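Reviewing the structure listed below.
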Amino acid sequence: MKLGTFSATALDPKLSAAVFAVPEGGVTAPVQGPFGWVILRNAKTIPGESKTFDQVRDSLKADLVKARAGAKLTDIANEFEDARGGGTPMADAATKQGLTLRHVAAADRQGMTPEKTPADIPKQPQFLEQVFQTEAGEEGDLFQSEDGQYFAVKMTGVTAPAVKPLDSVREEVREGFVSEARNKLLQAKVQALAAQAMKTGNLVDAGKAVGHAPVTAMALKRGDMNDVFSPALLGQLFAAPAGTVITGAAGKGNGYVIARVVRANHPEPDVSSADYANFRRTAAQQLAETAVESLAAAARKQAGVSVHQATVQRILGDAQQ
């Protein structure tokens, strides 16, 4: 199994010491790592590179600022929870820590107010999930969103959904019916034009039918959504083979887009990036773990040995939990 390129500190210390002690092309003696015994071969050794302080000054400063901010945020969150645990109301505990208090009169599960306007609430999806897991009159536990922000909510009440009188929604229903009918007709027209484009192999005739000449787009990347290409449309484009005609809602407005995939280029990954290095390291470790587990299972089967995990856990106690 190839582990790829990694630094001496990116591997288990025992394995790292063994493989970096042999010359290029050399093979280590059997060495016991965290997942069992292995033999490593040093395919190539790349000398390390030392950077000057000036070269790493900005990155070190950014790392320190981020670390200190994270530690401070954790301290504030702990003090806030300690105050609540001591009986301090949520609002008082938040004020004491200098946190932002916000009262939202009403919002549904989609984050909309009764007036059908966006509620003044955080945009993180986890926020609404937490809100609607909290019982009326209760204060929810402090939770952290994916972007590192902390929230705590108090549910003052829940209004059960009710059927509105017809007179109050008559115009809304009419507009919805007309819009749905118009949308169905538009989709049928779009599908017919797409079928014509697939048959002819181009968008020229389809463009003439709607009075618009086809436009060749600039090269797109998967994340290049804009007013024309919505995320869903981009997903279709990158999943379709060359020559395919796809359709979908535009990125903005009520229009539809008919597009033909000309070709897809797959750029080489930036092997010098930290993300690429982390991916390779994680993948190599996961593959190594899988290989070790498979070898161990095969060895146990060949020897006719089985491991009673419950007994192992009972002997080792918490260390195996």
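Residues are referred to by chain and number: the chain letter is A, B, ... according to the order shown in the structure tokens, the number counts from 1 in that chain, and ligands are numbered separately from 1 in the order shown.
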Identify all residues of region 12-243 of chain A in alpha helix (DSSP H) (DSSP on the backbone) and supply them as a ChimeraX atom specification. /A:13-19,53-85,90-96,125-131,166-200,204-210,231-239
Can you list, as a PyMOL selection string, every protein, DNA or RNA residue that comes within 8 Å of region 139-147 of chain A when you count only C-alpha atoms, leaving out same-chain residues fewer than 3 positions away? chain A and resi 77+81+90+124+126-127+130-131+134+150-155
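In this structure, CA of Ala181 (chain A) sits 17.2 Å away from CA of Gly253 (chain A).
On the backbone of this structure, DSSP gives strand (DSSP E) within region 229-261 of chain A to Val245, Ile246, Thr247, Gly248, Ala249, Tyr256, Val257, Ile258, Ala259 and Arg260 of chain A.
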Grab the residues selected above and save them as a PDB file, in the first residue's frame with C-alpha atoms.
```pdb
ATOM      1  CA  VAL A 245     -28.678  19.145 -23.268  1.00  0.00           C
ATOM      2  CA  ILE A 246     -29.888  19.971 -19.773  1.00  0.00           C
ATOM      3  CA  THR A 247     -32.579  22.298 -18.473  1.00  0.00           C
ATOM      4  CA  GLY A 248     -33.288  23.958 -15.155  1.00  0.00           C
ATOM      5  CA  ALA A 249     -34.363  27.084 -13.335  1.00  0.00           C
ATOM      6  CA  TYR A 256     -35.426  28.641 -17.350  1.00  0.00           C
ATOM      7  CA  VAL A 257     -32.117  27.795 -18.950  1.00  0.00           C
ATOM      8  CA  ILE A 258     -31.455  25.339 -21.765  1.00  0.00           C
ATOM      9  CA  ALA A 259     -27.767  24.490 -21.947  1.00  0.00           C
ATOM     10  CA  ARG A 260     -25.620  22.058 -23.894  1.00  0.00           C
TER      11      ARG A 260
END
```
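Residues within 12 Å of region 200-208 of chain A, counting only C-alpha atoms and excluding same-chain residues fewer than 5 positions away, are Lys189, Val190, Gln191, Ala192, Leu193, Ala194, Ala195, Ala213, Pro214, Val215, Thr216, Ala242, Gly243, Thr244, Val245, Ile246, Val257, Ile258, Ala259, Arg260, Val261 and Val262 of chain A.
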Could you please take those selected residues and save C-alpha atoms as an mmCIF file, in the first residue's frame?
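Dumped to part-v4.cif:
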```
data_model
loop_
_atom_site.group_PDB
_atom_site.id
_atom_site.type_symbol
_atom_site.label_atom_id
_atom_site.label_comp_id
_atom_site.auth_asym_id
_atom_site.auth_seq_id
_atom_site.Cartn_x
_atom_site.Cartn_y
_atom_site.Cartn_z
ATOM 1 C CA LYS A 189 -42.109 24.270 -23.759
ATOM 2 C CA VAL A 190 -38.599 23.999 -22.306
ATOM 3 C CA GLN A 191 -38.625 20.195 -22.508
ATOM 4 C CA ALA A 192 -39.801 20.312 -26.117
ATOM 5 C CA LEU A 193 -37.010 22.733 -27.044
ATOM 6 C CA ALA A 194 -34.469 20.590 -25.191
ATOM 7 C CA ALA A 195 -35.584 17.498 -27.072
ATOM 8 C CA ALA A 213 -29.600 33.355 -30.210
ATOM 9 C CA PRO A 214 -27.642 30.831 -28.118
ATOM 10 C CA VAL A 215 -24.740 32.231 -26.128
ATOM 11 C CA THR A 216 -21.479 30.409 -25.461
ATOM 12 C CA ALA A 242 -20.400 16.089 -23.370
ATOM 13 C CA GLY A 243 -23.161 16.760 -25.897
ATOM 14 C CA THR A 244 -25.986 16.461 -23.368
ATOM 15 C CA VAL A 245 -28.678 19.145 -23.268
ATOM 16 C CA ILE A 246 -29.888 19.971 -19.773
ATOM 17 C CA VAL A 257 -32.117 27.795 -18.950
ATOM 18 C CA ILE A 258 -31.455 25.339 -21.765
ATOM 19 C CA ALA A 259 -27.767 24.490 -21.947
ATOM 20 C CA ARG A 260 -25.620 22.058 -23.894
ATOM 21 C CA VAL A 261 -22.457 20.608 -22.402
ATOM 22 C CA VAL A 262 -19.561 21.107 -24.831
#
```
Any idea what's packed within 9 Å of Lys44 (chain A), counting only C-alpha atoms, ignoring anything in its chain fewer than 5 positions away? Could you give it as a list in words? Thr5, Pro23, Glu24 and Gly25 of chain A
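Taking CA of Val31 (chain A) as the reference point, CA of Leu15 (chain A) is found at 6.8 Å.
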Which residues are near Lys221 (chain A)? Cut-off 10 Å, only C-alpha atoms, ignore same chain within fewer than 6 positions. Put them as a list in words. Leu234, Phe238, Ala264 and Asn265 of chain A
So that I can check the surroundings of Ala136 (chain A), please list as a PyMOL selection string every protein, DNA and RNA residue that reaches within 7 Å of it, counting only C-alpha atoms and ignoring chain neighbours fewer than 5 positions away. chain A and resi 155-158
Keeping C-alpha atoms, export the residues of the selection given above as a PDB file, in the first residue's frame.
```
ATOM      1  CA  MET A 155     -39.026  29.233  23.284  1.00  0.00           C
ATOM      2  CA  THR A 156     -41.696  31.523  24.702  1.00  0.00           C
ATOM      3  CA  GLY A 157     -44.556  29.815  22.896  1.00  0.00           C
ATOM      4  CA  VAL A 158     -45.687  27.739  19.937  1.00  0.00           C
TER       5      VAL A 158
END
```
If you count only C-alpha atoms, the residue of A:Gly255, A:Gly70, A:Gly48, A:Gly33 closest to Arg182 (chain A) turns out to be A:Gly255
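Pairwise distance (CA of Asp120 (chain A), CA of Phe80 (chain A)) equals 23.1 Å.
Shortest separation to Ala43 (chain A) among A:Pro267, A:Pro30, A:Gly4, A:Pro13 occurs at residue A:Gly4, atoms counted being only C-alpha atoms.
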